[in-house]
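Contents: one structure, followed by commentary.
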Amino acid sequence: MRIVVKVGTSTLTHESGRINIRRIETLCKVLSDIKNAGHELILVSSGAIGLGVGKLNLKDKPEDMPTKQAAAAIGQCELMYLYDKKFLEYNHIVAQILITGADFENETSSNNIRNTIDRLLELNVMPVVNENDSIVTDEISVGDNDTLAAIVAKKVEADLMIVLSDIDGLYTANPREDPNAEIIDVVFSITPEIYELAGTKGTRLGTGGMITKIKAAEIAMEAGIDMIIANGTHPENLYRILDGEKVGTKFRGRK
């Protein structure tokens, strides 16, 4: 299978913005094992701005674009150093691909993204994709890595997209406010009611939230790709998903 795994900032960092070392070590170990089983993996990773904020000892994610870009430039180095170091321990090579929204709008650039990813996978290398936050502006931004992951999944004709977040899946109500909220196992179509359940905000250091995941699911589903939202607190959930167990919320792609 060709699988796109999107990892959110909340999975990679503590609330302080500092690296969650244990979680990253487990994630890299599980992804390496899945690669060893013969699957093609593309990792879409958030976390650059969050790691930059932590390294700069800033209290919150910056609001102004220059500081946000500076934090991303610092954090991107840290992020790729971590992935390179951890995946090498399991004899896997990673490659960085930084993308802006404009790259998908330009046919030549868009085809080059597909060709590069295809060749890296042929070479048994894991592409690590992120939005190029150090140069991106509102005009050329994809906006969030959930959407970016869905666009990449569609472009490379992935078989499955998995979004690891800080929540178990889509609920019938906000589980942080309603103790009777129940997880929705399967979604067959994105309706206004589904968007209403999504709410709005993401984590303090992240850019997404459930609403961006629903938008991503819509892109994936229209491309015929199943998308699953699962809790990234336990990266071992990836094993369970590939074993066919019910984990999180599955959005069924149109076949």
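Each chain in the structure tokens gets a letter, A, B, ..., in the order shown, and its residues are numbered from 1; ligands are numbered from 1 in order too.
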
Considering only C-alpha atoms, give me a table of residues in segment 119-191 of chain A that are at most 12 Å from segment 77-88 of chain A, with the closest atom pair and distance in Å for each, as a tab-separated table.
```
residue	atom	partner	partner_atom	distance
A:Val125	CA	A:Phe87	CA	10.4
A:Met126	CA	A:Phe87	CA	9.3
A:Pro127	CA	A:Tyr83	CA	10.8
A:Val128	CA	A:Met80	CA	8.4
A:Val129	CA	A:Met80	CA	10.4
A:Asn130	CA	A:Leu79	CA	10.4
A:Ser134	CA	A:Cys77	CA	11.2
```

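Atom pair atom CA of Leu56 of chain A / atom CA of Glu15 of chain A has a distance of 14.4 Å (rounded to one decimal).
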
Please identify all polymer residues within 12 Å of Asn36 of chain A, counting only C-alpha atoms, omitting same-chain residues fewer than 5 positions from it, and present them as a short mmCIF file (atom, residue, chain, number, x, y, z; two decimals) with C-alpha atoms, in the first residue's frame.
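Wrote around-v1.cif, looks like this:
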```cif
data_model
loop_
_atom_site.label_atom_id
_atom_site.label_comp_id
_atom_site.auth_asym_id
_atom_site.auth_seq_id
_atom_site.Cartn_x
_atom_site.Cartn_y
_atom_site.Cartn_z
CA LYS A 29 10.05 2.97 15.21
CA VAL A 30 6.48 2.10 14.14
CA LEU A 31 6.79 3.82 10.75
CA LEU A 41 5.13 5.70 3.30
CA PHE A 87 15.00 6.73 11.06
CA TYR A 90 16.28 1.57 11.76
CA ASN A 91 18.24 1.78 8.48
CA HIS A 92 15.77 4.06 6.70
CA ASN A 124 13.08 3.05 -0.69
CA VAL A 125 13.38 6.54 0.79
CA MET A 126 10.66 8.10 2.95
#
```

field: Residues near Glu157 of chain A, cut-off 10 Å, only C-alpha atoms, skip fewer than 2 positions along chain, as a ChimeraX atom specification
entry: /A:2-4,114,151-155,159-160,220,223-225

task: For Ile34 of chain A, work out the shell of residues within 9 Å, counting only C-alpha atoms and skipping chain neighbours fewer than 5 positions away, then give it as a list in words.
output: Lys29, His39, Glu40, Leu41, Leu238, Tyr239 and Leu242 of chain A

Output of the above residues as a JSON list (two decimals), in the first residue's frame, restricted to N, CA and C atoms:
```json
[["chain", "number", "residue", "atom", "x", "y", "z"],
["A", 29, "LYS", "N", 9.91, 4.43, 15.12],
["A", 29, "LYS", "CA", 10.05, 2.97, 15.21],
["A", 29, "LYS", "C", 8.90, 2.27, 14.50],
["A", 39, "HIS", "N", 5.29, -1.56, 2.86],
["A", 39, "HIS", "CA", 4.42, -0.44, 2.49],
["A", 39, "HIS", "C", 5.25, 0.78, 2.09],
["A", 40, "GLU", "N", 4.71, 1.57, 1.17],
["A", 40, "GLU", "CA", 5.32, 2.85, 0.79],
["A", 40, "GLU", "C", 4.73, 3.93, 1.69],
["A", 41, "LEU", "N", 5.59, 4.68, 2.36],
["A", 41, "LEU", "CA", 5.13, 5.70, 3.30],
["A", 41, "LEU", "C", 5.57, 7.09, 2.88],
["A", 238, "LEU", "N", -1.20, 2.82, 14.43],
["A", 238, "LEU", "CA", -0.95, 2.59, 13.00],
["A", 238, "LEU", "C", -0.96, 1.09, 12.69],
["A", 239, "TYR", "N", -0.41, 0.28, 13.59],
["A", 239, "TYR", "CA", -0.46, -1.18, 13.41],
["A", 239, "TYR", "C", -1.90, -1.66, 13.37],
["A", 242, "LEU", "N", -3.69, -0.85, 10.09],
["A", 242, "LEU", "CA", -3.28, -1.70, 8.97],
["A", 242, "LEU", "C", -3.70, -3.16, 9.18]]
```

A:Gly199, A:Pro179, A:Gly54, A:Gly253 ranked by distance to Asp226 of chain A, top pick (using only C-alpha atoms): A:Gly253

task: Identify all residues of segment 50-244 of chain A in strand (DSSP E) (DSSP on the backbone) and supply them as an MDAnalysis selection string.
output: chainID A and resid 93:99 125:131 160:165 186:187 226:231

task: Identify, on the basis of only C-alpha atoms, every residue whose closest approach to Ala198 of chain A does not exceed 9 Å; exclude the query and any residue fewer than 5 positions from it along the same chain; express the result as a ChimeraX atom specification.
output: /A:170-171,173-174,193,209-214

Pull N, CA and C atoms from the residues just selected and write them as a PDB file, in the first residue's frame.
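Written output follows (selection39.pdb):
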```pdb
ATOM      1  N   LEU A 170     -13.689  11.805  15.077  1.00  0.00           N
ATOM      2  CA  LEU A 170     -14.800  12.743  15.046  1.00  0.00           C
ATOM      3  C   LEU A 170     -15.894  12.244  15.979  1.00  0.00           C
ATOM      4  N   TYR A 171     -16.357  13.129  16.841  1.00  0.00           N
ATOM      5  CA  TYR A 171     -17.374  12.765  17.832  1.00  0.00           C
ATOM      6  C   TYR A 171     -18.726  13.377  17.490  1.00  0.00           C
ATOM      7  N   ALA A 173     -20.351  15.072  19.515  1.00  0.00           N
ATOM      8  CA  ALA A 173     -20.308  16.372  20.194  1.00  0.00           C
ATOM      9  C   ALA A 173     -18.880  16.563  20.680  1.00  0.00           C
ATOM     10  N   ASN A 174     -18.575  17.727  21.204  1.00  0.00           N
ATOM     11  CA  ASN A 174     -17.231  17.993  21.710  1.00  0.00           C
ATOM     12  C   ASN A 174     -16.984  17.149  22.960  1.00  0.00           C
ATOM     13  N   GLU A 193     -23.896  18.897   8.421  1.00  0.00           N
ATOM     14  CA  GLU A 193     -23.946  18.427   9.804  1.00  0.00           C
ATOM     15  C   GLU A 193     -22.569  17.956  10.285  1.00  0.00           C
ATOM     16  N   GLY A 209      -7.062  21.794  13.591  1.00  0.00           N
ATOM     17  CA  GLY A 209      -8.284  21.596  14.333  1.00  0.00           C
ATOM     18  C   GLY A 209      -9.114  20.608  13.523  1.00  0.00           C
ATOM     19  N   MET A 210     -10.255  20.211  14.042  1.00  0.00           N
ATOM     20  CA  MET A 210     -11.061  19.213  13.344  1.00  0.00           C
ATOM     21  C   MET A 210     -11.588  19.738  12.005  1.00  0.00           C
ATOM     22  N   ILE A 211     -11.839  21.034  11.923  1.00  0.00           N
ATOM     23  CA  ILE A 211     -12.413  21.586  10.692  1.00  0.00           C
ATOM     24  C   ILE A 211     -11.479  21.370   9.501  1.00  0.00           C
ATOM     25  N   THR A 212     -10.178  21.515   9.706  1.00  0.00           N
ATOM     26  CA  THR A 212      -9.233  21.312   8.599  1.00  0.00           C
ATOM     27  C   THR A 212      -9.151  19.832   8.218  1.00  0.00           C
ATOM     28  N   LYS A 213      -9.394  18.969   9.195  1.00  0.00           N
ATOM     29  CA  LYS A 213      -9.374  17.530   8.914  1.00  0.00           C
ATOM     30  C   LYS A 213     -10.591  17.116   8.082  1.00  0.00           C
ATOM     31  N   ILE A 214     -11.712  17.761   8.333  1.00  0.00           N
ATOM     32  CA  ILE A 214     -12.918  17.481   7.538  1.00  0.00           C
ATOM     33  C   ILE A 214     -12.713  17.954   6.101  1.00  0.00           C
TER      34      ILE A 214
END
```

message: So that I can check the secondary structure, give me every residue of segment 73-214 of chain A assigned helix (DSSP H, G or I) by backbone DSSP, as number ranges by chain.
response: A: 73-88, 101-105, 107-122, 145-155, 192-198, 210-214

- prompt: Taking into account only C-alpha atoms, which residue in the set A:Met227, A:Ile21, A:Ile135, A:Val156 is nearest to Ile113 of chain A?
  reply: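 Looking only at the distances to Ile113 of chain A, the closest residue turns out to be A:Val156.
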
- prompt: What gap, in Å, lies between atom CA of Lys246 of chain A and atom CA of Val44 of chain A?
  reply: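 Separation between atom CA of Lys246 of chain A and atom CA of Val44 of chain A: 22.8 Å.
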